[in-house]
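Chemist: Structure file data.tsv (TSV, C-alpha atoms) is given on the next line.
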chain	number	residue	atom	x	y	z
R	5	MET	CA	171.44	123.05	143.87
R	6	ASP	CA	170.16	119.49	143.60
R	7	TYR	CA	170.21	118.31	147.21
R	8	GLU	CA	168.69	114.97	146.28
R	9	ASN	CA	171.82	113.88	144.42
R	10	THR	CA	174.20	114.29	147.33
R	11	GLN	CA	175.43	111.70	149.81
R	12	ASP	CA	172.99	113.06	152.42
R	13	GLY	CA	170.22	113.08	149.83
R	14	ALA	CA	170.76	109.40	149.03
R	15	LEU	CA	170.70	108.51	152.74
R	16	VAL	CA	167.50	110.52	153.27
R	17	ARG	CA	165.81	108.68	150.39
R	18	ARG	CA	166.80	105.34	151.95
R	19	VAL	CA	165.47	106.42	155.39
R	20	GLN	CA	162.23	107.57	153.77
R	21	ALA	CA	161.96	104.10	152.26
R	22	GLY	CA	162.27	102.60	155.76
R	23	ASP	CA	165.99	101.78	155.89
R	24	GLN	CA	167.05	102.04	159.56
R	25	ALA	CA	170.74	101.50	158.83
R	26	ALA	CA	170.75	104.58	156.60
R	27	PHE	CA	169.59	106.67	159.54
R	28	SER	CA	172.44	105.31	161.67
R	29	ASP	CA	174.80	106.51	158.93
R	30	LEU	CA	173.18	109.96	158.99
R	31	VAL	CA	173.62	110.17	162.76
R	32	GLU	CA	177.27	109.13	162.42
R	33	ARG	CA	177.86	111.78	159.75
R	34	HIS	CA	176.31	114.71	161.66
R	35	LYS	CA	176.59	113.90	165.37
R	36	SER	CA	179.84	115.84	165.93
R	37	LYS	CA	178.40	118.98	164.35
R	38	VAL	CA	175.19	118.68	166.38
R	39	PHE	CA	177.17	118.22	169.62
R	40	SER	CA	179.25	121.29	168.84
R	41	ILE	CA	176.19	123.50	168.12
R	42	ILE	CA	174.48	122.37	171.31
R	43	HIS	CA	177.55	122.86	173.47
R	44	GLY	CA	178.05	126.35	172.04
R	45	ILE	CA	174.55	127.36	173.09
R	46	VAL	CA	173.81	125.54	176.36
R	47	ARG	CA	177.33	125.02	177.78
R	48	GLN	CA	176.09	122.21	179.99
R	49	ARG	CA	178.34	119.30	179.09
R	50	ASN	CA	176.05	116.81	180.89
R	51	ASP	CA	172.97	117.83	178.93
R	52	VAL	CA	174.54	117.92	175.46
R	53	GLU	CA	173.98	114.22	174.76
R	54	ASP	CA	170.35	114.29	175.94
R	55	ILE	CA	169.57	117.25	173.71
R	56	ALA	CA	171.40	115.64	170.77
R	57	GLN	CA	169.30	112.49	171.21
R	58	GLN	CA	166.11	114.56	171.08
R	59	VAL	CA	167.40	116.34	167.98
R	60	PHE	CA	168.05	113.11	166.09
R	61	ALA	CA	164.71	111.62	167.21
R	62	LYS	CA	162.98	114.72	165.83
R	63	VAL	CA	165.00	114.50	162.63
R	64	TYR	CA	164.00	110.84	162.23
R	65	PHE	CA	160.28	111.38	162.73
R	66	SER	CA	160.09	114.43	160.46
R	67	LEU	CA	162.39	113.09	157.76
R	68	LYS	CA	159.42	111.73	155.81
R	69	ASN	CA	158.37	115.35	155.20
R	70	PHE	CA	161.84	116.52	154.16
R	71	ASP	CA	161.44	117.91	150.63
R	72	PHE	CA	165.08	118.66	149.62
R	73	ARG	CA	164.39	122.38	149.32
R	74	SER	CA	167.48	123.01	151.45
R	75	SER	CA	170.51	120.96	152.40
R	76	LEU	CA	170.02	118.38	155.14
R	77	ILE	CA	172.58	120.04	157.44
R	78	THR	CA	170.73	123.39	157.23
R	79	TRP	CA	167.56	121.59	158.29
R	80	ILE	CA	169.34	119.72	161.11
R	81	TYR	CA	170.96	122.99	162.21
R	82	LYS	CA	167.56	124.64	162.56
R	83	ILE	CA	166.12	121.71	164.54
R	84	THR	CA	169.19	121.69	166.81
R	85	VAL	CA	169.01	125.42	167.60
R	86	ASN	CA	165.26	125.15	168.30
R	87	GLU	CA	165.82	122.18	170.60
R	88	CYS	CA	168.45	124.18	172.51
R	89	TYR	CA	165.99	127.05	172.96
R	90	ASP	CA	163.38	124.56	174.21
R	91	TYR	CA	165.92	123.23	176.70
R	92	LEU	CA	166.84	126.75	177.89
R	93	ARG	CA	163.16	127.62	178.32
R	94	LYS	CA	162.49	124.46	180.33
R	95	ARG	CA	165.59	125.07	182.47
R	96	LYS	CA	164.39	128.58	183.22
R	97	VAL	CA	160.95	127.30	184.26
R	98	ARG	CA	162.56	124.58	186.44
R	99	LYS	CA	164.75	127.21	188.11
R	100	LEU	CA	161.75	129.44	188.79
R	101	VAL	CA	159.78	126.54	190.27
R	102	TYR	CA	162.75	125.51	192.41
R	103	GLU	CA	163.31	129.07	193.63
R	104	SER	CA	159.63	129.53	194.43
R	105	ASP	CA	160.03	126.78	197.07
R	106	LEU	CA	162.89	128.64	198.79
R	107	SER	CA	162.82	131.65	201.05
R	108	GLU	CA	164.43	134.92	199.90
R	109	ASP	CA	167.49	134.27	202.10
R	110	GLU	CA	167.93	130.79	200.69
R	111	VAL	CA	167.67	132.07	197.09
R	112	ARG	CA	170.30	134.72	197.85
R	113	ARG	CA	172.59	132.11	199.40
R	114	VAL	CA	172.20	129.76	196.42
R	115	GLU	CA	172.85	132.58	193.96
R	116	ASN	CA	175.95	133.66	195.85
R	117	THR	CA	177.39	130.20	196.12
R	118	GLU	CA	176.81	129.21	192.50
R	119	PRO	CA	178.88	128.38	190.54
R	120	SER	CA	181.96	128.50	192.82
R	121	PRO	CA	183.83	130.93	195.11
R	122	GLU	CA	186.79	131.19	192.72
R	123	ARG	CA	184.78	132.65	189.81
R	124	ASN	CA	186.77	133.90	186.88
R	125	PRO	CA	185.65	137.44	185.95
R	126	LEU	CA	186.71	136.88	182.34
R	127	ILE	CA	184.51	133.79	182.04
R	128	ASP	CA	181.66	135.65	183.77
R	129	ALA	CA	181.91	138.42	181.18
R	130	VAL	CA	181.80	135.93	178.31
R	131	LEU	CA	178.80	134.18	179.90
R	132	ALA	CA	177.02	137.52	180.35
R	133	LYS	CA	177.58	138.36	176.67
R	134	ARG	CA	176.36	134.90	175.63
R	135	ASP	CA	173.21	135.10	177.78
R	136	TYR	CA	172.51	138.57	176.44
R	137	LEU	CA	172.87	137.40	172.84
R	138	LEU	CA	170.65	134.37	173.46
R	139	LYS	CA	167.99	136.73	174.81
R	140	LEU	CA	168.27	138.89	171.69
R	141	LEU	CA	168.09	135.84	169.44
R	142	SER	CA	164.90	134.71	171.15
R	143	ARG	CA	163.21	137.82	169.64
R	144	VAL	CA	163.75	136.79	166.01
R	145	SER	CA	162.12	134.01	163.98
R	146	GLU	CA	163.57	130.49	163.80
R	147	GLU	CA	164.73	131.07	160.25
R	148	GLU	CA	166.39	134.40	161.07
R	149	ARG	CA	168.09	132.83	164.09
R	150	MET	CA	169.42	130.01	161.96
R	151	LEU	CA	170.71	132.35	159.23
R	152	LEU	CA	172.40	134.65	161.73
R	153	MET	CA	174.07	131.77	163.51
R	154	MET	CA	175.23	130.10	160.32
R	155	LYS	CA	176.73	133.39	159.18
R	156	GLU	CA	178.23	134.64	162.43
R	157	VAL	CA	178.98	131.48	164.39
R	158	GLU	CA	179.75	129.03	161.61
R	159	GLY	CA	181.34	131.69	159.41
R	160	HIS	CA	179.48	130.88	156.20
R	161	SER	CA	179.38	133.54	153.50
R	162	VAL	CA	176.18	134.86	151.93
R	163	GLU	CA	176.92	132.78	148.81
R	164	GLU	CA	177.33	129.63	150.89
R	165	LEU	CA	174.12	130.34	152.79
R	166	ALA	CA	172.29	130.81	149.50
R	167	GLU	CA	173.59	127.47	148.29
R	168	MET	CA	172.75	125.68	151.53
R	169	THR	CA	169.24	127.07	151.91
R	170	GLY	CA	168.18	127.09	148.28
R	171	MET	CA	167.39	130.83	148.43
R	172	ASN	CA	169.04	133.44	146.25
R	173	GLU	CA	171.74	135.74	147.62
R	174	ASN	CA	169.56	138.85	147.64
R	175	THR	CA	166.89	137.07	149.66
R	176	ILE	CA	169.53	135.99	152.18
R	177	LYS	CA	170.84	139.58	152.41
R	178	VAL	CA	167.35	141.01	152.96
R	179	LYS	CA	166.56	138.38	155.60
R	180	LEU	CA	169.84	139.01	157.40
R	181	PHE	CA	169.25	142.76	157.30
R	182	ARG	CA	165.77	142.42	158.82
R	183	ALA	CA	167.08	140.02	161.45
R	184	ARG	CA	169.88	142.40	162.43
R	185	GLN	CA	167.43	145.30	162.66
R	186	LYS	CA	165.29	143.22	165.01
R	187	LEU	CA	168.33	142.46	167.16
R	188	VAL	CA	169.15	146.18	167.39
R	189	LYS	CA	165.57	146.97	168.42
R	190	ALA	CA	165.58	144.14	170.95
R	191	SER	CA	168.88	145.38	172.39
R	192	GLN	CA	167.44	148.86	172.78
R	193	ARG	CA	164.51	147.38	174.65
R	194	LEU	CA	166.78	145.25	176.81
R	195	ASP	CA	168.44	148.43	177.98
R	196	ARG	CA	172.03	148.95	176.94
R	197	LEU	CA	174.53	146.33	175.78
R	198	PRO	CA	176.61	144.97	178.66
R	199	THR	CA	179.67	147.20	178.99
R	200	ALA	CA	181.90	144.22	178.27
R	201	ALA	CA	180.08	143.61	174.99
R	202	ALA	CA	181.21	146.90	173.57
R	203	ASN	CA	184.86	146.06	174.16
K	14	MET	CA	168.98	152.79	157.37
K	15	HIS	CA	169.49	153.93	153.78
K	16	ALA	CA	169.45	151.57	150.79
K	17	VAL	CA	173.14	151.99	149.99
K	18	ILE	CA	174.07	150.66	153.43
K	19	GLU	CA	171.36	148.01	153.46
K	20	GLU	CA	172.66	146.61	150.15
K	21	ASN	CA	176.25	146.48	151.38
K	22	LEU	CA	175.52	145.62	155.00
K	23	GLU	CA	177.08	142.16	155.09
K	24	GLU	CA	180.28	143.43	153.41
K	25	LEU	CA	180.46	146.36	155.84
K	26	LEU	CA	180.00	144.07	158.81
K	27	ASP	CA	182.63	141.69	157.44
K	28	ASN	CA	184.97	144.66	156.89
K	29	THR	CA	185.62	143.59	153.33
K	30	ASN	CA	186.52	146.06	150.58
K	31	ALA	CA	183.61	144.78	148.51
K	32	SER	CA	181.27	147.28	150.19
K	33	GLY	CA	182.28	149.96	147.70
K	34	ARG	CA	183.17	153.64	147.87
K	35	ALA	CA	179.55	154.87	147.79
K	36	ALA	CA	178.64	153.04	151.01
K	37	LEU	CA	181.73	154.31	152.84
K	38	ASP	CA	181.09	157.89	151.68
K	39	HIS	CA	177.50	157.66	152.81
K	40	LEU	CA	178.58	156.57	156.29
K	41	VAL	CA	180.69	159.72	156.64
K	42	SER	CA	177.73	161.97	155.89
K	43	CYS	CA	174.87	159.98	157.51
K	44	LYS	CA	175.19	159.76	161.29
K	45	GLU	CA	171.99	157.70	161.62
K	46	CYS	CA	173.32	154.92	159.35
K	47	ALA	CA	176.74	155.07	161.01
K	48	MET	CA	175.17	154.63	164.46
K	49	GLU	CA	172.92	151.75	163.42
K	50	LEU	CA	175.82	150.00	161.70
K	51	GLU	CA	177.93	150.42	164.83
K	52	ARG	CA	175.15	148.86	166.91
K	53	MET	CA	174.93	145.94	164.48
K	54	LYS	CA	178.71	145.47	164.66
K	55	GLN	CA	178.58	145.38	168.46
K	56	ILE	CA	175.92	142.67	168.36
K	57	ALA	CA	177.80	140.73	165.65
K	58	HIS	CA	180.86	140.69	167.94
K	59	LEU	CA	178.82	138.79	170.54
K	60	PHE	CA	178.28	135.77	168.27
K	61	PRO	CA	181.69	134.13	168.80
K	62	THR	CA	180.57	133.47	172.41
K	63	LEU	CA	178.30	130.80	170.94
K	64	ARG	CA	181.22	128.90	169.43
K	65	SER	CA	182.21	125.75	171.19
K	66	GLU	CA	185.96	126.11	171.82
K	67	HIS	CA	186.41	122.57	173.11
K	68	ALA	CA	185.13	119.89	170.82
K	69	ILE	CA	182.91	117.42	172.63
K	70	GLU	CA	183.31	113.99	171.14
K	71	PRO	CA	180.08	111.98	171.18
K	72	ALA	CA	180.32	108.63	172.95
K	73	ALA	CA	180.78	105.59	170.72
K	74	SER	CA	177.40	104.27	171.86
K	75	PHE	CA	175.57	107.49	171.00
K	76	THR	CA	174.14	106.28	167.67
K	77	ALA	CA	172.91	103.05	169.26
K	78	ARG	CA	171.19	105.06	172.01
K	79	VAL	CA	169.47	107.27	169.42
K	80	MET	CA	168.22	104.19	167.57
K	81	THR	CA	166.85	102.73	170.85
K	82	LEU	CA	165.08	106.00	171.64
K	83	ILE	CA	163.51	106.02	168.19
K	84	GLU	CA	162.41	102.41	168.60
K	85	HIS	CA	160.66	103.33	171.90
K	86	ARG	CA	158.92	106.29	170.33
K	87	ARG	CA	157.86	104.58	167.16
K	88	PRO	CA	154.04	104.55	166.94
K	89	SER	CA	152.36	101.16	167.30
K	90	PHE	CA	150.82	99.33	164.31
K	91	TRP	CA	147.32	100.69	165.03
K	92	GLU	CA	148.62	104.22	165.63
K	93	SER	CA	150.35	104.20	162.25
K	94	ILE	CA	147.19	102.86	160.56
K	95	PHE	CA	145.16	105.66	162.22
K	96	GLU	CA	147.77	108.27	161.25
K	97	ALA	CA	147.83	107.10	157.64
K	98	THR	CA	144.02	107.06	157.43
K	99	LEU	CA	143.78	110.53	158.94
K	100	GLU	CA	146.42	111.83	156.54
K	101	THR	CA	144.65	110.35	153.51
K	102	THR	CA	141.27	111.65	154.67
K	103	LEU	CA	142.65	115.16	155.19
K	104	GLU	CA	144.43	115.09	151.85
K	105	THR	CA	141.30	114.03	149.99
K	106	THR	CA	138.80	116.25	151.84
K	107	MET	CA	140.71	119.48	152.42
K	108	THR	CA	140.46	120.64	148.82
K	109	PRO	CA	139.02	123.91	147.41
K	110	ALA	CA	135.99	121.95	146.18
K	111	PHE	CA	135.37	120.74	149.76
K	112	PHE	CA	135.45	124.31	151.12
K	113	ARG	CA	133.11	125.45	148.29
K	114	ARG	CA	130.64	122.73	149.30
K	115	VAL	CA	130.87	123.78	152.99
K	116	ALA	CA	130.20	127.41	152.02
K	117	PHE	CA	127.21	126.39	149.86
K	118	ALA	CA	125.77	124.21	152.64
K	119	SER	CA	126.15	127.07	155.15
K	120	LEU	CA	124.28	129.45	152.84
K	121	LEU	CA	121.53	126.84	152.41
K	122	VAL	CA	121.17	126.45	156.20
K	123	LEU	CA	121.02	130.24	156.63
K	124	ALA	CA	118.35	130.56	153.93
K	125	THR	CA	116.26	127.77	155.52
K	126	LEU	CA	116.49	129.35	158.98
K	127	GLY	CA	115.60	132.77	157.56
K	128	GLY	CA	112.55	131.32	155.78
K	129	TYR	CA	111.40	129.51	158.94
K	130	MET	CA	111.67	132.69	161.02
K	131	ALA	CA	109.72	134.67	158.43
K	132	VAL	CA	106.89	132.10	158.56
K	133	THR	CA	106.73	131.77	162.38
K	134	ASP	CA	106.82	135.56	162.77
K	135	SER	CA	103.23	135.71	161.39
K	136	GLU	CA	101.97	134.08	164.66
K	137	PHE	CA	102.73	137.32	166.49
K	138	ARG	CA	101.00	139.53	163.94
K	139	GLY	CA	98.32	141.75	165.56
K	140	VAL	CA	100.09	141.79	168.94
K	141	THR	CA	101.03	145.42	169.42
K	142	PRO	CA	103.32	146.84	172.11
K	143	GLU	CA	100.32	148.60	173.67
K	144	LEU	CA	98.57	145.26	174.17
K	145	ILE	CA	101.63	143.73	175.84
K	146	LEU	CA	101.96	146.74	178.20
K	147	ALA	CA	98.26	146.55	179.10
K	148	ALA	CA	98.57	142.82	179.89
K	149	GLU	CA	101.58	143.50	182.13
K	150	ARG	CA	99.73	146.29	183.96
K	151	ASN	CA	96.80	143.94	184.67
K	152	SER	CA	98.99	141.21	186.09
K	153	ALA	CA	100.79	143.75	188.32
K	154	ALA	CA	97.43	145.01	189.61
K	155	ASP	CA	96.45	141.41	190.46
K	156	ARG	CA	99.66	140.90	192.43
K	157	ASN	CA	99.06	144.11	194.50
K	158	ALA	CA	95.40	143.36	195.30
K	159	PRO	CA	94.58	143.18	199.09
K	160	ASP	CA	94.47	139.67	200.57
K	161	SER	CA	91.14	138.20	201.67
K	162	GLU	CA	90.22	137.90	205.37
K	163	ASP	CA	90.66	134.08	205.25
K	164	ALA	CA	94.16	134.34	203.88
K	165	ARG	CA	95.14	136.86	206.58
K	166	ASN	CA	93.76	134.54	209.31
K	167	GLN	CA	95.67	131.60	207.88
K	168	ASP	CA	98.93	133.61	207.92
K	169	ARG	CA	98.31	134.71	211.52
K	170	ALA	CA	97.67	131.08	212.66
K	171	LEU	CA	100.87	129.92	210.96
K	172	PHE	CA	102.89	132.72	212.58
K	173	MET	CA	101.49	131.94	216.05
K	174	THR	CA	102.28	128.23	215.63
K	175	GLU	CA	105.90	129.00	214.71
K	176	LEU	CA	106.22	131.48	217.60
K	177	ARG	CA	104.94	128.86	220.06
K	178	ASN	CA	107.71	126.51	219.02
K	179	TYR	CA	110.29	129.01	220.22
K	180	LEU	CA	108.71	129.90	223.59
K	181	PRO	CA	110.57	128.31	226.55
K	182	ASP	CA	107.49	126.85	228.29
K	183	ALA	CA	106.36	125.30	225.00
K	184	THR	CA	109.52	123.20	224.79
K	185	GLU	CA	109.39	122.02	228.45
What would the structure in this file look like if it were written as C-alpha cells?
Modeler:
Amino acid sequence: MDYENTQDGALVRRVQAGDQAAFSDLVERHKSKVFSIIHGIVRQRNDVEDIAQQVFAKVYFSLKNFDFRSSLITWIYKITVNECYDYLRKRKVRKLVYESDLSEDEVRRVENTEPSPERNPLIDAVLAKRDYLLKLLSRVSEEERMLLMMKEVEGHSVEELAEMTGMNENTIKVKLFRARQKLVKASQRLDRLPTAAAN
Amino acid sequence: MHAVIEENLEELLDNTNASGRAALDHLVSCKECAMELERMKQIAHLFPTLRSEHAIEPAASFTARVMTLIEHRRPSFWESIFEATLETTLETTMTPAFFRRVAFASLLVLATLGGYMAVTDSEFRGVTPELILAAERNSAADRNAPDSEDARNQDRALFMTELRNYLPDATE
C-alpha cells in the first residue's frame, strides 16, 4: 500500500515542509477518532481533551520522522493508546501520593464514598472488567497492544490490519497469537479472571 | 498450543467457518488447546469494555488550542540550530568507519600502556619477596624498641601537667 499517495499522505508531506494549515486539517480529520479512543480507555470526560491535545502535540513534533511505512491513523492510534497509558500511570501515582497523606481511616472513608452512594452494580462490573483488561494490556508491547485493540475494539479484520500497518497477514496473525498468549499468562499471574468477565 | 489452532486462531476467536474442519476436530481431541482457546475467548470478550458508547464531540476550538500548544512548545531559533547541528554531526560521525577508527584507537592505547608497563617493570627487577619481608620485619622491630629514659621523662612531665589542670586546687 502506498500511504504517501493518500489524502493523509499529502497532508503529512505538507506538514513536513512546514505548512501549519495542513496540520490543522490533519487535526480536524482525526480528532473525533482520537477523542473516542481516549474516552474508551480513560473514561474521564474532563481529561479527554487534555490528553488529545498532548497526542496531537506529539504527532506534530514527531511527524518529521514519519516514514509512511504504515497508515497515518495506525501511527496516531499507537501514540493515543500510549498517551492514555501514561495518563493512567500518572493518575495512579497521584492517587498513591494523595493517599499517603491520609490516615487509614480517611482512606477507607474516601474509598467508601467514591464515586457515589447510589452505585450501579452493572456499571461497577463493567469497570472492573475494563480495569482488569487494561492491567493485562500493560504487560504486552506497544505494538501488540495496538494490534489487539485495533482488532478487538475497532473491529478490523486481519486483512485490514495488514493493509493499515504495511505488514503481511501472516505476520499480523503471528503477532496477535503471541500477544494473546501473553495476555493469558498475565491473567494467570493476576489470579483468576473476575467472575463477571467469564459471563 | 498446536500449530493447527495457532494458524486458525483469529478465525476461531471470530467464530467464523473459515477455521476449517481440521482445527475443529483437533479441539475435540486436544484438551490443552481447547482450554487455552477458551481462556483467549474470555479475554477477547473483555475488549468491548474499551469501546466508547457515547461519542464525545470535540469542542469547536479544539484545533486552535492544539495549534497554540504547539506554538508554545516549538523550540526557539537557537534550539533548532543546535538540534540540527547535533543531528548532522551524529549522522556524519556515527558510521561503521567511525566505530572502526574508535576500535583501532583503543587497541593503540592498550598497546602503548602495555609497552609502558613492561618498561617500568624493569625498575623492580632484583627485588625479591624475601627482601621485602626482611625490610618489613626491620621496621616492625624499630617500632617495638624500648623508649629512651629522656623520652619517658618527657611523657611523665606532660602527663603531670595535664593532671594538674584538672585538680580542684589548681583551678582556684
Chemist: Show me a table, sorted first by chain and then by increasing residue number, of the residues of region 24-135 of chain K having an atom at most 12 Å from region 63-86 of chain R, each with its shortest atom pair and the distance in Å to one decimal, counting all atoms listed in the file and written as JSON lines.
Modeler:
{"residue": "K:Leu63", "atom": "CA", "partner": "R:Val85", "partner_atom": "CA", "distance": 11.2}
{"residue": "K:Val79", "atom": "CA", "partner": "R:Tyr64", "partner_atom": "CA", "distance": 9.7}
{"residue": "K:Met80", "atom": "CA", "partner": "R:Tyr64", "partner_atom": "CA", "distance": 9.5}
{"residue": "K:Leu82", "atom": "CA", "partner": "R:Tyr64", "partner_atom": "CA", "distance": 10.6}
{"residue": "K:Ile83", "atom": "CA", "partner": "R:Tyr64", "partner_atom": "CA", "distance": 7.7}
{"residue": "K:Glu84", "atom": "CA", "partner": "R:Tyr64", "partner_atom": "CA", "distance": 10.7}
{"residue": "K:Arg86", "atom": "CA", "partner": "R:Phe65", "partner_atom": "CA", "distance": 9.2}
{"residue": "K:Arg87", "atom": "CA", "partner": "R:Phe65", "partner_atom": "CA", "distance": 8.5}
{"residue": "K:Pro88", "atom": "CA", "partner": "R:Phe65", "partner_atom": "CA", "distance": 10.2}
Chemist: For each of R:Glu163, R:Gly170, R:Ser142, R:Glu148, take the minimum atom-to-atom distance to Arg182 (chain R), counting only C-alpha atoms, then give the residue where this is smallest.
Modeler: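 Using only C-alpha atoms, the shortest distance to Arg182 (chain R) belongs to R:Glu148.
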Chemist: Up to 12 Å from chain R, what residues of chain K turn up? Count only C-alpha atoms and give them as a PyMOL selection string.
Modeler: chain K and resi 14-16+18-27+29+46+48-88
Chemist: Write out the residues from the selection above, keeping C-alpha atoms, as a CSV table (one decimal), keeping the file's coordinate frame.
Modeler:
chain,number,residue,atom,x,y,z
K,14,MET,CA,169.0,152.8,157.4
K,15,HIS,CA,169.5,153.9,153.8
K,16,ALA,CA,169.4,151.6,150.8
K,18,ILE,CA,174.1,150.7,153.4
K,19,GLU,CA,171.4,148.0,153.5
K,20,GLU,CA,172.7,146.6,150.2
K,21,ASN,CA,176.2,146.5,151.4
K,22,LEU,CA,175.5,145.6,155.0
K,23,GLU,CA,177.1,142.2,155.1
K,24,GLU,CA,180.3,143.4,153.4
K,25,LEU,CA,180.5,146.4,155.8
K,26,LEU,CA,180.0,144.1,158.8
K,27,ASP,CA,182.6,141.7,157.4
K,29,THR,CA,185.6,143.6,153.3
K,46,CYS,CA,173.3,154.9,159.4
K,48,MET,CA,175.2,154.6,164.5
K,49,GLU,CA,172.9,151.8,163.4
K,50,LEU,CA,175.8,150.0,161.7
K,51,GLU,CA,177.9,150.4,164.8
K,52,ARG,CA,175.2,148.9,166.9
K,53,MET,CA,174.9,145.9,164.5
K,54,LYS,CA,178.7,145.5,164.7
K,55,GLN,CA,178.6,145.4,168.5
K,56,ILE,CA,175.9,142.7,168.4
K,57,ALA,CA,177.8,140.7,165.6
K,58,HIS,CA,180.9,140.7,167.9
K,59,LEU,CA,178.8,138.8,170.5
K,60,PHE,CA,178.3,135.8,168.3
K,61,PRO,CA,181.7,134.1,168.8
K,62,THR,CA,180.6,133.5,172.4
K,63,LEU,CA,178.3,130.8,170.9
K,64,ARG,CA,181.2,128.9,169.4
K,65,SER,CA,182.2,125.8,171.2
K,66,GLU,CA,186.0,126.1,171.8
K,67,HIS,CA,186.4,122.6,173.1
K,68,ALA,CA,185.1,119.9,170.8
K,69,ILE,CA,182.9,117.4,172.6
K,70,GLU,CA,183.3,114.0,171.1
K,71,PRO,CA,180.1,112.0,171.2
K,72,ALA,CA,180.3,108.6,173.0
K,73,ALA,CA,180.8,105.6,170.7
K,74,SER,CA,177.4,104.3,171.9
K,75,PHE,CA,175.6,107.5,171.0
K,76,THR,CA,174.1,106.3,167.7
K,77,ALA,CA,172.9,103.0,169.3
K,78,ARG,CA,171.2,105.1,172.0
K,79,VAL,CA,169.5,107.3,169.4
K,80,MET,CA,168.2,104.2,167.6
K,81,THR,CA,166.8,102.7,170.8
K,82,LEU,CA,165.1,106.0,171.6
K,83,ILE,CA,163.5,106.0,168.2
K,84,GLU,CA,162.4,102.4,168.6
K,85,HIS,CA,160.7,103.3,171.9
K,86,ARG,CA,158.9,106.3,170.3
K,87,ARG,CA,157.9,104.6,167.2
K,88,PRO,CA,154.0,104.6,166.9
Chemist: By how many Å are CA of Val115 (chain K) and CA of Gly127 (chain K) apart?
Modeler: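 Separation between CA of Val115 (chain K) and CA of Gly127 (chain K): 18.3 Å.
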Chemist: If the box runs along x, y and z of the file and leaves 3 Å on each side of region 146-149 of chain K, what are its centre and edge lengths in Å, one decimal, as lines of an AutoDock Vina configuration file?
Modeler:
center_x = 100.1
center_y = 144.8
center_z = 180.2
size_x = 9.7
size_y = 9.9
size_z = 9.9
Chemist: Rounded to one decimal, what separation in Å do you get between CA of Asn172 (chain R) and CA of Met5 (chain R)?
Modeler: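 Computed distance, CA of Asn172 (chain R) to CA of Met5 (chain R), equals 10.9 Å.
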